[in-house]
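Only one structure is covered here, and it is reproduced in the block below.
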Amino acid sequence: MRNTIYWIEIPAKNFERAKSFYETIFNITMNLVPMPRGKYAIFPLDPAALGAGGAIVEGKGYEPSEKSAIIYMDRGDDLDGPLSKVEKAGGKILLPKTKNGANGEFGFIAHFIDSEGNRMGLHSNM
């Protein structure tokens with residue numbers, strides 16, 4: 001069974017800036033995909049995994065917001081690497097690495113504003 005959340009589209013006002021931001025903080029290459037609804041780049045994806053996939057998108061009706069749902073991106077065992085790059089890449093850290101649960105039993109989380117003004121979350125096991 002797959003997880004309930006299947007796909008996430010992160011709005012961008014400036015597609016190239018947003019793509020560069022996420023490629024920088026996560027040290028990844030995003031795949032450009034032609035879509036009729038706008039510019040589209042997909043985060044690296046394992047189709048066999050049970051979690052959600054996602055993309056950044058610039059197009060009509062896509063508006064960045066820091067007041068919408070918070071999307072947590074899994075960083076495995078390391079929040080320090082991506083967090084150290086957020087502000088250099090044009091974002092802002094809102095919540096530094098913080099225990100998730102009374103004693104960190106659910107790992108760690110952090111919140112940031114991306115280059116486009118979206119409030120995003122990070123999660124790690126350690």
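If you're wondering about the labels, chains in the structure tokens are A, B, ... by order shown, residues count from 1 in each chain, ligands from 1 in order shown.
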Strand (DSSP E or B) positions in chain A, given as an MDAnalysis selection string: chainID A and resid 7:11 31:32 35 38:42 53:58 71:74 92:99 108:113 119:124
Find the residues near Gly121 of chain A: any atom within 12 Å, counting only C-alpha atoms, skip ones fewer than 2 places away on the same chain, and give them as a PDB file with C-alpha atoms, in the first residue's frame.
ATOM      1  CA  GLU A  66       4.298  30.661   3.757  1.00  0.00           C
ATOM      2  CA  SER A  68      -0.166  26.908   3.443  1.00  0.00           C
ATOM      3  CA  ALA A  69       0.390  23.300   4.534  1.00  0.00           C
ATOM      4  CA  ILE A  70       3.970  22.538   5.565  1.00  0.00           C
ATOM      5  CA  ILE A  71       5.577  19.910   3.377  1.00  0.00           C
ATOM      6  CA  TYR A  72       8.292  17.925   5.176  1.00  0.00           C
ATOM      7  CA  MET A  73      11.101  16.675   2.968  1.00  0.00           C
ATOM      8  CA  ASP A  74      12.974  13.610   4.225  1.00  0.00           C
ATOM      9  CA  ARG A  75      16.712  14.074   4.646  1.00  0.00           C
ATOM     10  CA  LEU A  79      19.498  18.097   8.496  1.00  0.00           C
ATOM     11  CA  PRO A  82      20.787  21.223   3.857  1.00  0.00           C
ATOM     12  CA  LEU A  83      20.175  23.750   6.660  1.00  0.00           C
ATOM     13  CA  VAL A  86      19.368  27.495   2.989  1.00  0.00           C
ATOM     14  CA  LYS A  92      15.483  31.832   5.498  1.00  0.00           C
ATOM     15  CA  ILE A  93      15.548  29.402   8.437  1.00  0.00           C
ATOM     16  CA  LEU A  94      12.451  29.774  10.634  1.00  0.00           C
ATOM     17  CA  LEU A  95      12.904  26.815  12.987  1.00  0.00           C
ATOM     18  CA  PRO A  96      16.411  25.392  13.439  1.00  0.00           C
ATOM     19  CA  LYS A  97      16.982  21.667  13.919  1.00  0.00           C
ATOM     20  CA  THR A  98      14.597  20.707  16.731  1.00  0.00           C
ATOM     21  CA  ASN A 100      10.477  15.952  17.099  1.00  0.00           C
ATOM     22  CA  PHE A 108      14.309  16.004  14.128  1.00  0.00           C
ATOM     23  CA  ILE A 109      12.560  18.715  12.127  1.00  0.00           C
ATOM     24  CA  ALA A 110      13.361  22.203  10.836  1.00  0.00           C
ATOM     25  CA  HIS A 111      11.350  24.851   8.946  1.00  0.00           C
ATOM     26  CA  PHE A 112      12.541  27.288   6.304  1.00  0.00           C
ATOM     27  CA  ILE A 113      11.238  29.718   3.709  1.00  0.00           C
ATOM     28  CA  ASP A 114      12.465  28.762   0.246  1.00  0.00           C
ATOM     29  CA  ASN A 118       7.048  28.803   0.516  1.00  0.00           C
ATOM     30  CA  ARG A 119       7.247  27.564   4.115  1.00  0.00           C
ATOM     31  CA  HIS A 123      12.802  15.802   8.694  1.00  0.00           C
ATOM     32  CA  SER A 124      15.635  13.483   9.693  1.00  0.00           C
TER      33      SER A 124
END
Neighbour list for Ser20 of chain A as a PyMOL selection string, cut-off 10 Å, only C-alpha atoms, skip fewer than 3 positions in-chain: chain A and resi 15-17+23-25+27-30+89-90+115
Closest of A:Glu116, A:Glu63, A:Glu87, A:Asp77 to Ala18 of chain A - atom-to-atom distances counting only C-alpha atoms: A:Glu116
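Using only C-alpha atoms, the residues found no farther than 6 Å from segment 40-51 of chain A, other than those of its own chain fewer than 3 positions away, are Arg2, Asn3, Met30, Asn31, Leu32, Val33, Gly54, Ala55, Ile56 and Val57 of chain A.
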Output C-alpha atoms for every residue in the selection just made, as a compact mmCIF listing (two decimals), in the first residue's frame.
# COMPACT_ATOMS: atom_id res chain seq x y z
CA ARG A 2 1.23 3.49 -0.84
CA ASN A 3 1.18 6.36 1.61
CA MET A 30 16.18 18.05 -10.84
CA ASN A 31 14.73 16.63 -14.06
CA LEU A 32 12.97 19.05 -16.41
CA VAL A 33 9.68 17.66 -17.71
CA GLY A 54 7.20 16.02 -6.06
CA ALA A 55 8.17 18.85 -8.32
CA ILE A 56 8.57 22.58 -8.51
CA VAL A 57 6.25 24.31 -10.95
Residue contacts of Pro36 of chain A (12 Å, only C-alpha atoms) excluding same-chain residues fewer than 5 positions away, as number ranges by chain: A: 57-60
Could you take the residues named above and write them with N, CA and C atoms, as a JSON list (two decimals), in the first residue's frame?
[["chain", "number", "residue", "atom", "x", "y", "z"],
["A", 57, "VAL", "N", 7.01, 23.93, -9.75],
["A", 57, "VAL", "CA", 6.25, 24.31, -10.95],
["A", 57, "VAL", "C", 6.01, 25.81, -10.96],
["A", 58, "GLU", "N", 6.18, 26.39, -12.13],
["A", 58, "GLU", "CA", 5.85, 27.79, -12.35],
["A", 58, "GLU", "C", 4.78, 27.83, -13.43],
["A", 59, "GLY", "N", 3.65, 28.40, -13.12],
["A", 59, "GLY", "CA", 2.57, 28.49, -14.10],
["A", 59, "GLY", "C", 1.36, 29.18, -13.51],
["A", 60, "LYS", "N", 0.38, 29.39, -14.35],
["A", 60, "LYS", "CA", -0.85, 30.07, -13.95],
["A", 60, "LYS", "C", -1.52, 29.30, -12.80]]
Which of chain A DSSP labels helix (DSSP H, G or I), written as number ranges by chain: A: 15-26, 80-86
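Using only C-alpha atoms, the nearest neighbour of Leu122 of chain A within the list A:Ile10, A:Arg37, A:Gly101, A:Gly76 is A:Gly76.
Nearest to Glu9 of chain A of all the residues A:Glu105, A:Pro34, A:Ala52, A:Gly81 is A:Ala52, counting only C-alpha atoms.
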